[in-house]
>>> print(open('data_7.txt').read())   # compact mmCIF, C-alpha atoms
# COMPACT_ATOMS: atom_id res chain seq x y z
CA MET A 979 64.17 -16.11 -45.66
CA ARG A 980 62.20 -12.95 -46.48
CA ASP A 981 61.58 -10.02 -44.17
CA VAL A 982 58.00 -9.82 -42.88
CA ALA A 983 55.93 -6.78 -41.89
CA VAL A 984 52.55 -6.02 -40.36
CA LEU A 985 50.05 -4.27 -42.63
CA GLY A 986 47.10 -3.77 -40.30
CA VAL A 987 45.87 -4.68 -36.83
CA GLY A 988 42.48 -4.90 -35.16
CA MET A 989 41.06 -5.58 -31.73
CA THR A 990 37.64 -5.62 -30.10
CA LYS A 991 36.97 -3.93 -26.81
CA PHE A 992 37.76 -6.44 -24.09
CA GLY A 993 35.01 -7.20 -21.58
CA LYS A 994 31.80 -9.20 -21.44
CA HIS A 995 30.22 -9.98 -24.82
CA PRO A 996 27.37 -12.44 -24.22
CA ASP A 997 25.79 -11.47 -27.57
CA LYS A 998 28.88 -12.30 -29.64
CA SER A 999 30.30 -15.69 -30.60
CA LEU A 1000 33.97 -16.59 -31.00
CA VAL A 1001 33.48 -16.08 -34.73
CA ASP A 1002 31.86 -12.66 -34.21
CA LEU A 1003 34.70 -11.44 -32.01
CA PHE A 1004 37.41 -12.54 -34.42
CA ALA A 1005 35.54 -11.11 -37.42
CA GLU A 1006 35.17 -7.71 -35.74
CA ALA A 1007 38.90 -7.54 -35.08
CA PHE A 1008 39.73 -8.84 -38.55
CA TYR A 1009 37.70 -6.17 -40.35
CA GLU A 1010 39.51 -3.43 -38.44
CA ALA A 1011 42.85 -4.95 -39.44
CA PHE A 1012 41.70 -5.44 -43.04
CA GLU A 1013 40.52 -1.84 -43.45
CA GLY A 1014 43.99 -0.55 -42.65
CA SER A 1015 45.84 -2.95 -44.93
CA ASN A 1016 45.07 -1.60 -48.43
CA ILE A 1017 44.45 -5.06 -49.85
CA GLU A 1018 41.52 -7.03 -51.22
CA LEU A 1019 40.12 -10.16 -49.61
CA LYS A 1020 41.37 -12.28 -52.48
CA ASP A 1021 44.94 -11.26 -51.62
CA ILE A 1022 44.84 -13.18 -48.31
CA GLN A 1023 46.20 -16.68 -48.85
CA ALA A 1024 45.87 -18.30 -45.42
CA LEU A 1025 44.42 -17.83 -41.94
CA TYR A 1026 46.25 -18.66 -38.72
CA TYR A 1027 43.92 -18.62 -35.70
CA GLY A 1028 44.57 -19.00 -31.97
CA ASN A 1029 42.04 -20.33 -29.46
CA PHE A 1030 42.48 -22.21 -26.20
CA VAL A 1031 39.19 -23.54 -24.85
CA GLY A 1032 36.43 -23.01 -27.40
CA GLU A 1033 35.24 -26.56 -26.80
CA MET A 1034 34.65 -25.85 -23.09
CA THR A 1035 33.22 -22.34 -23.28
CA ASP A 1036 31.26 -22.54 -26.53
CA GLY A 1037 31.05 -26.22 -27.41
CA SER A 1038 32.99 -25.55 -30.61
CA GLY A 1039 36.17 -27.08 -31.99
CA ASN A 1040 37.58 -27.05 -35.53
CA LEU A 1041 37.16 -23.31 -35.37
CA SER A 1042 39.54 -22.00 -38.02
CA GLY A 1043 37.30 -22.93 -40.94
CA PHE A 1044 34.36 -21.12 -39.38
CA MET A 1045 36.51 -18.02 -39.00
CA ALA A 1046 37.63 -18.11 -42.63
CA ASP A 1047 34.08 -18.58 -43.89
CA GLU A 1048 32.70 -15.73 -41.77
CA ILE A 1049 35.17 -13.17 -43.14
CA GLY A 1050 34.71 -14.21 -46.77
CA LEU A 1051 37.75 -16.44 -47.14
CA ARG A 1052 36.09 -19.82 -47.57
CA GLY A 1053 38.44 -22.29 -49.18
CA ILE A 1054 41.81 -20.94 -48.08
CA PRO A 1055 44.01 -22.95 -45.71
CA ALA A 1056 42.85 -22.14 -42.15
CA ILE A 1057 44.73 -23.51 -39.16
CA ARG A 1058 43.94 -23.36 -35.45
CA TYR A 1059 46.78 -23.13 -32.92
CA GLU A 1060 46.55 -23.91 -29.21
CA GLY A 1061 49.26 -22.90 -26.77
CA ALA A 1062 47.10 -21.98 -23.77
CA CYS A 1063 47.37 -18.23 -23.15
CA ALA A 1064 49.99 -17.94 -25.91
CA SER A 1065 47.73 -19.45 -28.58
CA SER A 1066 47.56 -16.48 -30.93
CA SER A 1067 51.23 -15.65 -30.39
CA VAL A 1068 52.08 -19.18 -31.54
CA ALA A 1069 49.75 -18.63 -34.52
CA PHE A 1070 51.38 -15.29 -35.29
CA ARG A 1071 54.90 -16.70 -35.12
CA GLU A 1072 54.00 -19.61 -37.40
CA ALA A 1073 52.34 -17.22 -39.86
CA VAL A 1074 55.49 -15.08 -39.91
CA ARG A 1075 57.64 -18.12 -40.56
CA ALA A 1076 55.38 -19.21 -43.44
CA VAL A 1077 55.56 -15.80 -45.11
CA ALA A 1078 59.31 -15.56 -44.49
CA ALA A 1079 59.79 -18.96 -46.12
CA GLY A 1080 57.80 -17.91 -49.17
CA TYR A 1081 54.82 -20.22 -48.74
CA TYR A 1082 52.47 -17.24 -48.68
CA ASP A 1083 52.74 -13.52 -49.40
CA ILE A 1084 49.84 -12.20 -47.29
CA VAL A 1085 48.30 -13.95 -44.27
CA ALA A 1086 45.61 -13.11 -41.69
CA VAL A 1087 46.26 -14.10 -38.10
CA GLY A 1088 44.52 -13.59 -34.77
CA GLY A 1089 42.45 -15.16 -32.04
CA SER A 1090 39.32 -14.99 -29.92
CA GLU A 1091 38.03 -16.30 -26.58
CA ARG A 1092 34.94 -15.98 -24.38
CA LEU A 1093 35.94 -16.61 -20.78
CA TYR A 1094 34.05 -13.79 -19.06
CA THR A 1095 30.75 -14.89 -20.53
CA ALA A 1096 31.52 -18.52 -19.66
CA GLY A 1097 31.62 -17.59 -15.96
CA THR A 1098 34.05 -18.19 -13.12
CA GLU A 1099 33.44 -21.93 -12.66
CA ILE A 1100 33.87 -22.89 -16.32
CA GLY A 1101 36.60 -20.31 -16.90
CA THR A 1102 38.67 -21.48 -13.94
CA ARG A 1103 38.28 -25.13 -14.92
CA ALA A 1104 39.17 -24.34 -18.52
CA LEU A 1105 42.30 -22.39 -17.61
CA ALA A 1106 43.39 -25.13 -15.22
CA THR A 1107 43.72 -27.53 -18.15
CA ALA A 1108 46.97 -25.71 -18.99
CA VAL A 1109 48.72 -27.22 -15.95
CA ASP A 1110 49.81 -30.86 -15.71
CA GLY A 1111 46.69 -33.02 -15.72
CA VAL A 1112 48.15 -35.93 -13.75
CA TYR A 1113 50.18 -34.42 -10.93
CA GLU A 1114 48.97 -30.81 -10.64
CA ILE A 1115 45.32 -30.37 -11.56
CA THR A 1116 44.46 -33.46 -9.47
CA ALA A 1117 46.08 -31.72 -6.49
CA GLY A 1118 43.79 -28.72 -6.97
CA LEU A 1119 46.39 -26.44 -8.50
CA THR A 1120 45.09 -23.47 -10.47
CA PHE A 1121 46.99 -20.46 -11.77
CA PRO A 1122 46.58 -18.17 -8.75
CA GLY A 1123 48.20 -21.01 -6.81
CA VAL A 1124 51.04 -21.32 -9.33
CA PHE A 1125 51.95 -17.66 -9.07
CA ALA A 1126 51.36 -17.47 -5.34
CA LEU A 1127 53.98 -20.20 -5.04
CA ALA A 1128 56.23 -18.21 -7.38
CA ALA A 1129 55.86 -15.06 -5.27
CA ARG A 1130 56.79 -16.86 -2.06
CA LEU A 1131 59.71 -18.60 -3.71
CA TYR A 1132 60.90 -15.28 -5.16
CA ALA A 1133 60.83 -13.63 -1.75
CA LYS A 1134 62.75 -16.51 -0.19
CA LYS A 1135 65.31 -16.88 -2.99
CA TYR A 1136 66.22 -13.19 -3.08
CA GLU A 1137 65.81 -12.62 0.66
CA ILE A 1138 63.11 -9.99 0.32
CA PRO A 1139 60.61 -9.70 3.20
CA LEU A 1140 57.28 -10.94 1.86
CA GLU A 1141 55.38 -7.80 2.89
CA GLU A 1142 57.95 -5.64 1.10
CA LEU A 1143 57.60 -7.75 -2.04
CA ARG A 1144 53.80 -7.54 -1.78
CA GLU A 1145 54.02 -3.75 -1.85
CA MET A 1146 56.20 -3.76 -4.94
CA MET A 1147 53.87 -6.27 -6.61
CA ALA A 1148 50.98 -3.95 -5.79
CA MET A 1149 52.80 -1.17 -7.65
CA VAL A 1150 52.54 -3.30 -10.81
CA SER A 1151 48.76 -3.42 -10.37
CA VAL A 1152 48.54 0.32 -9.70
CA LYS A 1153 50.58 1.08 -12.84
CA ASN A 1154 48.73 -1.26 -15.16
CA HIS A 1155 45.27 -0.28 -13.93
CA LYS A 1156 46.23 3.36 -14.41
CA TYR A 1157 47.08 2.69 -18.06
CA GLY A 1158 44.12 0.38 -18.65
CA ALA A 1159 41.76 3.06 -17.36
CA ILE A 1160 42.71 5.34 -20.28
CA ASN A 1161 42.71 2.64 -22.97
CA PRO A 1162 39.26 2.61 -24.65
CA LYS A 1163 39.63 -1.05 -25.65
CA ALA A 1164 40.56 -2.22 -22.15
CA GLN A 1165 38.15 -4.10 -19.90
CA PHE A 1166 38.77 -1.59 -17.11
CA TYR A 1167 38.55 1.53 -19.27
CA GLY A 1168 37.43 4.38 -17.05
CA LYS A 1169 37.80 2.25 -13.91
CA LEU A 1170 40.43 1.65 -11.20
CA GLY A 1171 42.73 4.32 -12.59
CA ASP A 1172 43.31 5.88 -9.17
CA LEU A 1173 44.23 2.73 -7.23
CA LYS A 1174 46.61 3.01 -4.31
CA VAL A 1175 49.02 0.35 -3.08
CA GLU A 1176 46.92 -0.16 0.02
CA ASP A 1177 43.84 -0.82 -2.16
CA VAL A 1178 45.65 -3.72 -3.79
CA LEU A 1179 46.97 -5.08 -0.50
CA ASN A 1180 43.56 -4.87 1.16
CA SER A 1181 41.53 -6.40 -1.67
CA ARG A 1182 40.16 -9.92 -1.25
CA MET A 1183 42.81 -12.59 -0.80
CA ILE A 1184 42.75 -15.10 -3.66
CA SER A 1185 45.83 -17.25 -3.03
CA SER A 1186 48.22 -15.84 -0.46
CA PRO A 1187 50.04 -13.57 -1.05
CA LEU A 1188 48.03 -12.69 -4.20
CA THR A 1189 44.94 -10.55 -3.71
CA LEU A 1190 42.16 -9.95 -6.23
CA LEU A 1191 43.91 -6.87 -7.62
CA ASP A 1192 47.14 -8.83 -8.11
CA CYS A 1193 45.28 -10.94 -10.69
CA CYS A 1194 44.23 -10.23 -14.26
CA PRO A 1195 40.56 -10.72 -15.16
CA MET A 1196 39.23 -13.40 -17.51
CA THR A 1197 37.56 -11.64 -20.41
CA ASP A 1198 35.99 -11.94 -23.86
CA GLY A 1199 37.68 -10.48 -26.92
CA GLY A 1200 39.16 -10.84 -30.36
CA SER A 1201 42.34 -9.64 -32.04
CA ALA A 1202 43.72 -9.80 -35.56
CA ALA A 1203 46.63 -8.76 -37.75
CA ILE A 1204 47.46 -8.99 -41.42
CA ILE A 1205 51.07 -9.64 -42.31
CA ALA A 1206 52.91 -9.66 -45.61
CA ALA A 1207 56.31 -10.03 -47.18
CA ALA A 1208 58.14 -6.77 -46.44
CA ASP A 1209 58.63 -5.82 -50.10
CA LEU A 1210 54.88 -5.99 -50.64
CA ALA A 1211 54.11 -4.21 -47.38
CA GLU A 1212 56.24 -1.22 -48.33
CA ASP A 1213 54.04 -0.71 -51.40
CA LEU A 1214 50.79 -1.08 -49.47
CA VAL A 1215 51.09 0.95 -46.26
CA ASP A 1216 52.91 4.11 -45.25
CA THR A 1217 54.44 2.64 -42.09
CA PRO A 1218 55.08 -1.10 -42.23
CA ILE A 1219 56.06 -2.49 -38.85
CA TYR A 1220 58.71 -5.12 -39.34
CA VAL A 1221 58.86 -8.39 -37.44
CA ARG A 1222 62.54 -8.40 -36.57
CA GLY A 1223 62.80 -11.53 -34.46
CA THR A 1224 60.74 -14.27 -32.82
CA GLY A 1225 61.42 -17.03 -30.33
CA GLN A 1226 59.47 -19.85 -28.75
CA SER A 1227 60.28 -22.30 -25.98
CA SER A 1228 58.57 -24.84 -23.73
CA ALA A 1229 58.69 -26.60 -20.37
CA GLY A 1230 57.01 -29.40 -18.44
CA GLY A 1231 55.15 -29.36 -15.13
CA LEU A 1232 56.08 -27.37 -12.05
CA PHE A 1233 57.23 -30.52 -10.29
CA ARG A 1234 60.01 -30.70 -12.90
CA GLN A 1235 60.77 -26.97 -13.07
CA LYS A 1236 60.99 -26.49 -9.30
CA GLU A 1237 63.00 -23.33 -8.52
CA ASP A 1238 63.32 -22.58 -12.22
CA ILE A 1239 59.80 -21.09 -12.16
CA ILE A 1240 61.15 -17.80 -10.79
CA ARG A 1241 63.89 -17.77 -13.40
CA ALA A 1242 61.36 -18.58 -16.15
CA VAL A 1243 63.94 -20.55 -18.13
CA PRO A 1244 61.72 -21.07 -21.23
CA ARG A 1245 61.19 -17.30 -21.38
CA ARG A 1246 64.93 -16.69 -21.19
CA THR A 1247 65.40 -19.16 -24.06
CA ALA A 1248 62.61 -17.71 -26.23
CA SER A 1249 63.69 -14.10 -25.72
CA GLN A 1250 67.30 -14.92 -26.52
CA MET A 1251 66.13 -16.59 -29.74
CA ALA A 1252 64.24 -13.42 -30.66
CA PHE A 1253 67.18 -11.16 -29.82
CA LYS A 1254 69.56 -13.31 -31.86
CA GLU A 1255 67.27 -13.35 -34.88
CA ALA A 1256 66.81 -9.58 -34.65
CA ASN A 1257 70.53 -8.98 -34.03
CA MET A 1258 69.51 -6.94 -30.97
CA SER A 1259 69.82 -6.99 -27.20
CA PRO A 1260 67.55 -5.82 -24.36
CA LYS A 1261 69.05 -2.31 -24.51
CA ASP A 1262 67.61 -1.91 -28.03
CA ILE A 1263 64.01 -2.26 -26.82
CA ASP A 1264 62.06 0.96 -26.20
CA PHE A 1265 59.06 -0.65 -24.49
CA VAL A 1266 57.61 -4.10 -23.90
CA GLU A 1267 54.19 -5.71 -23.65
CA ILE A 1268 54.54 -8.43 -21.00
CA HIS A 1269 52.22 -11.25 -19.97
CA ASP A 1270 51.26 -9.91 -16.53
CA CYS A 1271 48.65 -12.54 -15.66
CA PHE A 1272 49.63 -11.76 -12.05
CA THR A 1273 51.71 -8.94 -10.66
CA ILE A 1274 54.63 -11.23 -9.79
CA ALA A 1275 54.54 -12.55 -13.37
CA GLU A 1276 55.48 -9.16 -14.78
CA ILE A 1277 58.43 -8.88 -12.40
CA ILE A 1278 59.69 -12.38 -13.20
CA ALA A 1279 59.35 -11.75 -16.94
CA THR A 1280 61.42 -8.56 -16.98
CA GLU A 1281 64.26 -10.47 -15.37
CA ALA A 1282 64.07 -13.56 -17.57
CA MET A 1283 64.05 -11.42 -20.72
CA GLY A 1284 67.28 -9.79 -19.61
CA PHE A 1285 66.06 -6.30 -18.82
CA PHE A 1286 67.05 -6.59 -15.16
CA GLU A 1287 69.21 -8.93 -13.12
CA TYR A 1288 67.45 -11.75 -11.31
CA GLY A 1289 65.99 -10.46 -8.06
CA GLN A 1290 66.02 -6.83 -9.25
CA GLY A 1291 62.82 -6.57 -11.28
CA CYS A 1292 60.73 -5.71 -8.23
CA TYR A 1293 62.97 -2.75 -7.42
CA ALA A 1294 62.71 -1.53 -11.02
CA VAL A 1295 58.94 -1.30 -10.52
CA ARG A 1296 59.37 0.47 -7.18
CA ASP A 1297 61.78 3.01 -8.71
CA GLY A 1298 59.53 3.82 -11.69
CA VAL A 1299 61.80 2.28 -14.33
CA THR A 1300 58.84 0.40 -15.88
CA SER A 1301 56.45 3.37 -15.89
CA ILE A 1302 55.56 5.21 -19.08
CA ASP A 1303 58.20 7.86 -18.41
CA GLY A 1304 60.80 5.36 -17.16
CA ASP A 1305 63.71 3.82 -19.00
CA LEU A 1306 61.68 0.73 -19.94
CA PRO A 1307 57.91 1.26 -20.13
CA VAL A 1308 56.11 -2.02 -19.49
CA ASN A 1309 52.49 -2.57 -20.54
CA PRO A 1310 51.55 0.99 -21.51
CA ASP A 1311 48.20 -0.38 -22.77
CA GLY A 1312 47.35 -1.68 -19.29
CA GLY A 1313 48.64 -5.20 -19.80
CA LEU A 1314 46.49 -8.19 -18.93
CA ILE A 1315 45.75 -6.70 -15.51
CA GLY A 1316 44.27 -3.48 -16.84
CA LYS A 1317 43.22 -4.56 -20.33
CA GLY A 1318 41.86 -8.04 -19.63
CA HIS A 1319 42.97 -11.53 -20.64
CA PRO A 1320 40.96 -13.25 -23.39
CA VAL A 1321 43.62 -15.99 -23.61
CA GLY A 1322 43.38 -17.00 -27.29
CA ALA A 1323 43.27 -13.34 -28.33
CA THR A 1324 45.87 -12.03 -25.88
CA GLY A 1325 49.05 -12.53 -27.92
CA VAL A 1326 47.87 -10.69 -31.01
CA SER A 1327 46.30 -7.99 -28.82
CA GLN A 1328 49.87 -7.30 -27.67
CA VAL A 1329 50.89 -7.06 -31.34
CA TYR A 1330 48.00 -4.61 -31.84
CA SER A 1331 49.30 -2.36 -29.06
CA VAL A 1332 52.90 -2.51 -30.28
CA VAL A 1333 51.99 -1.70 -33.88
CA LYS A 1334 49.73 1.19 -32.85
CA GLN A 1335 52.45 2.58 -30.58
CA LEU A 1336 55.20 2.32 -33.18
CA ARG A 1337 52.98 4.02 -35.76
CA GLY A 1338 52.19 6.86 -33.38
CA GLU A 1339 48.51 5.89 -33.35
CA PHE A 1340 48.19 4.96 -29.67
CA LYS A 1341 46.89 8.32 -28.53
CA GLU A 1342 45.87 7.47 -24.97
CA ASN A 1343 49.31 6.66 -23.54
CA PRO A 1344 52.04 7.06 -26.17
CA VAL A 1345 55.60 5.96 -25.56
CA LYS A 1346 57.75 8.87 -26.71
CA ASN A 1347 60.14 8.25 -29.60
CA ALA A 1348 59.49 4.50 -29.63
CA GLU A 1349 61.02 2.69 -32.60
CA THR A 1350 61.43 -0.89 -31.39
CA ALA A 1351 59.29 -2.97 -29.04
CA MET A 1352 58.85 -6.50 -27.79
CA THR A 1353 55.97 -8.80 -26.85
CA ASP A 1354 55.97 -11.61 -24.32
CA THR A 1355 53.23 -14.22 -24.05
CA LEU A 1356 53.12 -17.05 -21.53
CA GLY A 1357 51.04 -20.20 -21.95
CA GLY A 1358 50.32 -22.29 -18.85
CA ASP A 1359 52.86 -22.64 -16.07
CA PHE A 1360 55.73 -21.73 -18.43
CA GLY A 1361 54.72 -24.58 -20.75
CA THR A 1362 54.71 -22.31 -23.82
CA LEU A 1363 56.63 -19.06 -24.16
CA VAL A 1364 56.66 -16.75 -27.19
CA ASN A 1365 58.69 -13.55 -27.56
CA MET A 1366 58.65 -11.27 -30.61
CA ILE A 1367 60.45 -8.07 -31.58
CA PHE A 1368 58.93 -5.37 -33.81
CA SER A 1369 60.49 -2.24 -35.26
CA VAL A 1370 59.89 0.64 -37.63
CA HIS A 1371 63.31 -0.24 -39.06
CA ARG A 1372 63.86 -3.07 -41.51
CA ARG A 1373 66.92 -5.26 -40.85
>>> encode(input="data_7.txt", output="structure tokens")
Amino acid sequence: MRDVAVLGVGMTKFGKHPDKSLVDLFAEAFYEAFEGSNIELKDIQALYYGNFVGEMTDGSGNLSGFMADEIGLRGIPAIRYEGACASSSVAFREAVRAVAAGYYDIVAVGGSERLYTAGTEIGTRALATAVDGVYEITAGLTFPGVFALAARLYAKKYEIPLEELREMMAMVSVKNHKYGAINPKAQFYGKLGDLKVEDVLNSRMISSPLTLLDCCPMTDGGSAAIIAAADLAEDLVDTPIYVRGTGQSSAGGLFRQKEDIIRAVPRRTASQMAFKEANMSPKDIDFVEIHDCFTIAEIIATEAMGFFEYGQGCYAVRDGVTSIDGDLPVNPDGGLIGKGHPVGATGVSQVYSVVKQLRGEFKENPVKNAETAMTDTLGGDFGTLVNMIFSVHRR
């Protein structure tokens, strides 16, 4: 198996893009990634593309071929991956595995989605297809309900008064909106950067105990990366960012997971796979981009990935451990809450942020002396989990 590195990354501004198609959004991100890769189009041998609900929002399936044609790569193998909100992370991991195995030397990967433009009704219905269609969606369960249940179960399991937990959850929102407000590519750039805990607590209730500001926004956006065998990458770019380890896991419906939803067992499995492949542990990670679809989700994730003991992630937020100047910065780009959540593009947008940070190119909110970072992407109600580790150091 060969080492793999990232050559270039690209990302659109997240927000509402009614004038741009799924193809347009991906192409915009791709060209940014391509310009920083020091290659020619003919060098790219395959395209791996992530999208969740193009059929519902845009009436389009079979999207990967359209993406390849738009960016001048007609004829190459082009594959679409769907893993709900982890779609482009699944695509990225599979692209890495293909390059590592020697099937290809240079591959383009990314994703796009248009949920903001689709509107609340279509967007909510589309996202709900990621829960169990027989026992859950028919009971009216949507994702605010999933994570509201998780928050209440977390409070009960770890004997934390619900109002105290709500305040610590609100601190996640305050932190991530603060960072999103200074990220030019974030949906909330220039907005909500001065939130207070009470603002989060007093915002409109969505699914108790989650308020509006406990939730990430649906958005439109595209993301892309170009990866290559490490030996090639070292000749092409000054600072290759090496993919040191990846992991992926899965689970069934909530009615089977039960209390395991607050332990996020698939995430624990996927992150341990990534750590083992990288020959690392949580203490080796300088910062992490976590799938904070809801404030409680960030807390649960930090525990499942092994950064904190179960039941302690909320206190880490309260004590500033996950802030930019803490021991483990979490979501310095604003995360899904501050940056926006374009589902099919989310996973590779995390890769974008990690690569820019590790190269010292993330000027708005740099993590000091960062050399190794991790991404975490969740699809559905823990149905698909992908974790990946990146470093400036080759194994």
>>> closest_residue(input="data_7.txt", among="A:Ser1301, A:Cys1193, A:Thr1350, A:Phe1340", to="Pro1260 in chain A", atoms="all atoms listed in the file")
A:Thr1350
>>> residues_around(input="data_7.txt", residues="Asp1297 in chain A", least_positions_apart="6", cutoff="12 Å", atoms="only C-alpha atoms", output="JSON, numbers by chain")
{"A": [1146, 1149, 1150, 1290, 1291, 1303, 1304, 1305, 1306]}
>>> closest_residue(input="data_7.txt", among="A:Leu1179, A:Leu1232, A:Val1333, A:Thr1197", to="Thr1102 in chain A", atoms="all atoms listed in the file")
A:Thr1197
>>> closest_residue(input="data_7.txt", among="A:Arg1092, A:His1155, A:Arg1296, A:Arg1071", to="Lys1169 in chain A", atoms="all atoms listed in the file")
A:His1155
>>> closest_residue(input="data_7.txt", among="A:Ser999, A:Asn1257, A:Thr1098, A:Asn1154", to="Val1308 in chain A", atoms="all atoms listed in the file")
A:Asn1154
>>> residues_around(input="data_7.txt", residues="Ser1331 in chain A", least_positions_apart="2", cutoff="12 Å", atoms="all atoms listed in the file", output="PyMOL selection string")
chain A and resi 986-989+1158+1161+1163-1164+1201-1203+1219+1265-1268+1308-1313+1317+1324-1329+1333-1345+1351-1353+1368
>>> closest_residue(input="data_7.txt", among="A:Val984, A:Asp1192, A:Gly993, A:Glu1176", to="Ser1369 in chain A", atoms="only C-alpha atoms")
A:Val984
>>> closest_residue(input="data_7.txt", among="A:Tyr1081, A:Phe1166, A:Tyr1094, A:Tyr1027", to="Gly1199 in chain A", atoms="only C-alpha atoms")
A:Tyr1094
>>> axis_aligned_box(input="data_7.txt", around="range 1356-1364 of chain A", padding_each_side="4 Å", output="AutoDock Vina command-line options")
--center_x 53.5 --center_y -20.7 --center_z -21.6 --size_x 14.3 --size_y 15.8 --size_z 19.1
>>> closest_atom_pairs(input="data_7.txt", of="range 1168-1286 of chain A", to="range 1010-1023 of chain A", cutoff="12 Å", atoms="all atoms listed in the file", output="Markdown table")
| residue | atom | partner | partner_atom | distance |
| --- | --- | --- | --- | --- |
| A:Gly1200 | CA | A:Glu1010 | CA | 11.0 |
| A:Ser1201 | CA | A:Ala1011 | CA | 8.8 |
| A:Ala1202 | CA | A:Ala1011 | CA | 6.3 |
| A:Ala1203 | CA | A:Ala1011 | CA | 5.6 |
| A:Ile1204 | CA | A:Ala1011 | CA | 6.4 |
| A:Ile1205 | CA | A:Ser1015 | CA | 8.9 |
| A:Ala1206 | CA | A:Ile1022 | CA | 9.2 |
| A:Ala1207 | CA | A:Ile1022 | CA | 11.9 |
| A:Leu1210 | CA | A:Ile1017 | CA | 10.5 |
| A:Ala1211 | CA | A:Ser1015 | CA | 8.7 |
| A:Glu1212 | CA | A:Ser1015 | CA | 11.1 |
| A:Asp1213 | CA | A:Asn1016 | CA | 9.5 |
| A:Leu1214 | CA | A:Asn1016 | CA | 5.8 |
| A:Val1215 | CA | A:Ser1015 | CA | 6.7 |
| A:Asp1216 | CA | A:Ser1015 | CA | 10.0 |
| A:Thr1217 | CA | A:Ser1015 | CA | 10.6 |
| A:Pro1218 | CA | A:Ser1015 | CA | 9.8 |
| A:Ile1219 | CA | A:Ser1015 | CA | 11.9 |
>>> atom_distance(input="data_7.txt", atom1="CA of Glu1033 in chain A", atom2="CA of Ala1046 in chain A")
18.1 Å
>>> residues_around(input="data_7.txt", residues="Ile1239 in chain A", least_positions_apart="6", cutoff="10 Å", atoms="all atoms listed in the file", output="ChimeraX atom specification")
/A:1124-1125,1127-1129,1131-1132,1229,1231-1233,1278,1359-1360
>>> write_last_selection(input="data_7.txt", atoms="C-alpha atoms", output="PDB file, in the frame of the given file")
ATOM      1  CA  VAL A1124      51.040 -21.320  -9.330  1.00  0.00           C
ATOM      2  CA  PHE A1125      51.950 -17.660  -9.070  1.00  0.00           C
ATOM      3  CA  LEU A1127      53.980 -20.200  -5.040  1.00  0.00           C
ATOM      4  CA  ALA A1128      56.230 -18.210  -7.380  1.00  0.00           C
ATOM      5  CA  ALA A1129      55.860 -15.060  -5.270  1.00  0.00           C
ATOM      6  CA  LEU A1131      59.710 -18.600  -3.710  1.00  0.00           C
ATOM      7  CA  TYR A1132      60.900 -15.280  -5.160  1.00  0.00           C
ATOM      8  CA  ALA A1229      58.690 -26.600 -20.370  1.00  0.00           C
ATOM      9  CA  GLY A1231      55.150 -29.360 -15.130  1.00  0.00           C
ATOM     10  CA  LEU A1232      56.080 -27.370 -12.050  1.00  0.00           C
ATOM     11  CA  PHE A1233      57.230 -30.520 -10.290  1.00  0.00           C
ATOM     12  CA  ILE A1278      59.690 -12.380 -13.200  1.00  0.00           C
ATOM     13  CA  ASP A1359      52.860 -22.640 -16.070  1.00  0.00           C
ATOM     14  CA  PHE A1360      55.730 -21.730 -18.430  1.00  0.00           C
TER      15      PHE A1360
END
>>> residues_around(input="data_7.txt", residues="range 1247-1256 of chain A", least_positions_apart="3", cutoff="10 Å", atoms="only C-alpha atoms", output="PyMOL selection string")
chain A and resi 1221-1228+1242-1244+1259-1260+1262-1263+1282-1284+1352-1354+1362-1369+1372-1373
>>> residues_around(input="data_7.txt", residues="Arg1130 in chain A", least_positions_apart="6", cutoff="9 Å", atoms="all atoms listed in the file", output="mmCIF file with C-alpha atoms, keeping the file's coordinate frame")
data_model
loop_
_atom_site.group_PDB
_atom_site.id
_atom_site.type_symbol
_atom_site.label_atom_id
_atom_site.label_comp_id
_atom_site.auth_asym_id
_atom_site.auth_seq_id
_atom_site.Cartn_x
_atom_site.Cartn_y
_atom_site.Cartn_z
ATOM 1 C CA LEU A 1140 57.280 -10.940 1.860
ATOM 2 C CA SER A 1186 48.220 -15.840 -0.460
ATOM 3 C CA PRO A 1187 50.040 -13.570 -1.050
#
>>> atom_distance(input="data_7.txt", atom1="CA of Leu1173 in chain A", atom2="CA of Arg1144 in chain A")
15.1 Å
>>> atom_distance(input="data_7.txt", atom1="CA of Ile1277 in chain A", atom2="CA of Arg1241 in chain A")
10.5 Å
>>> decode(input="data_7.txt", residues="range 1058-1063 of chain A", atoms="N, CA and C atoms", output="compact mmCIF listing (two decimals), in the first residue's frame")
# COMPACT_ATOMS: atom_id res chain seq x y z
N ARG A 1058 -20.20 8.10 -8.12
CA ARG A 1058 -20.92 8.84 -7.09
C ARG A 1058 -21.04 7.97 -5.83
N TYR A 1059 -20.82 8.60 -4.68
CA TYR A 1059 -20.96 7.92 -3.39
C TYR A 1059 -22.05 8.60 -2.57
N GLU A 1060 -22.84 7.79 -1.88
CA GLU A 1060 -23.90 8.32 -1.02
C GLU A 1060 -23.80 7.68 0.35
N GLY A 1061 -23.53 8.51 1.34
CA GLY A 1061 -23.50 8.06 2.73
C GLY A 1061 -24.13 9.13 3.60
N ALA A 1062 -25.28 9.65 3.14
CA ALA A 1062 -25.97 10.76 3.82
C ALA A 1062 -24.98 11.91 3.99
N CYS A 1063 -24.88 12.46 5.19
CA CYS A 1063 -24.04 13.63 5.42
C CYS A 1063 -22.55 13.33 5.28
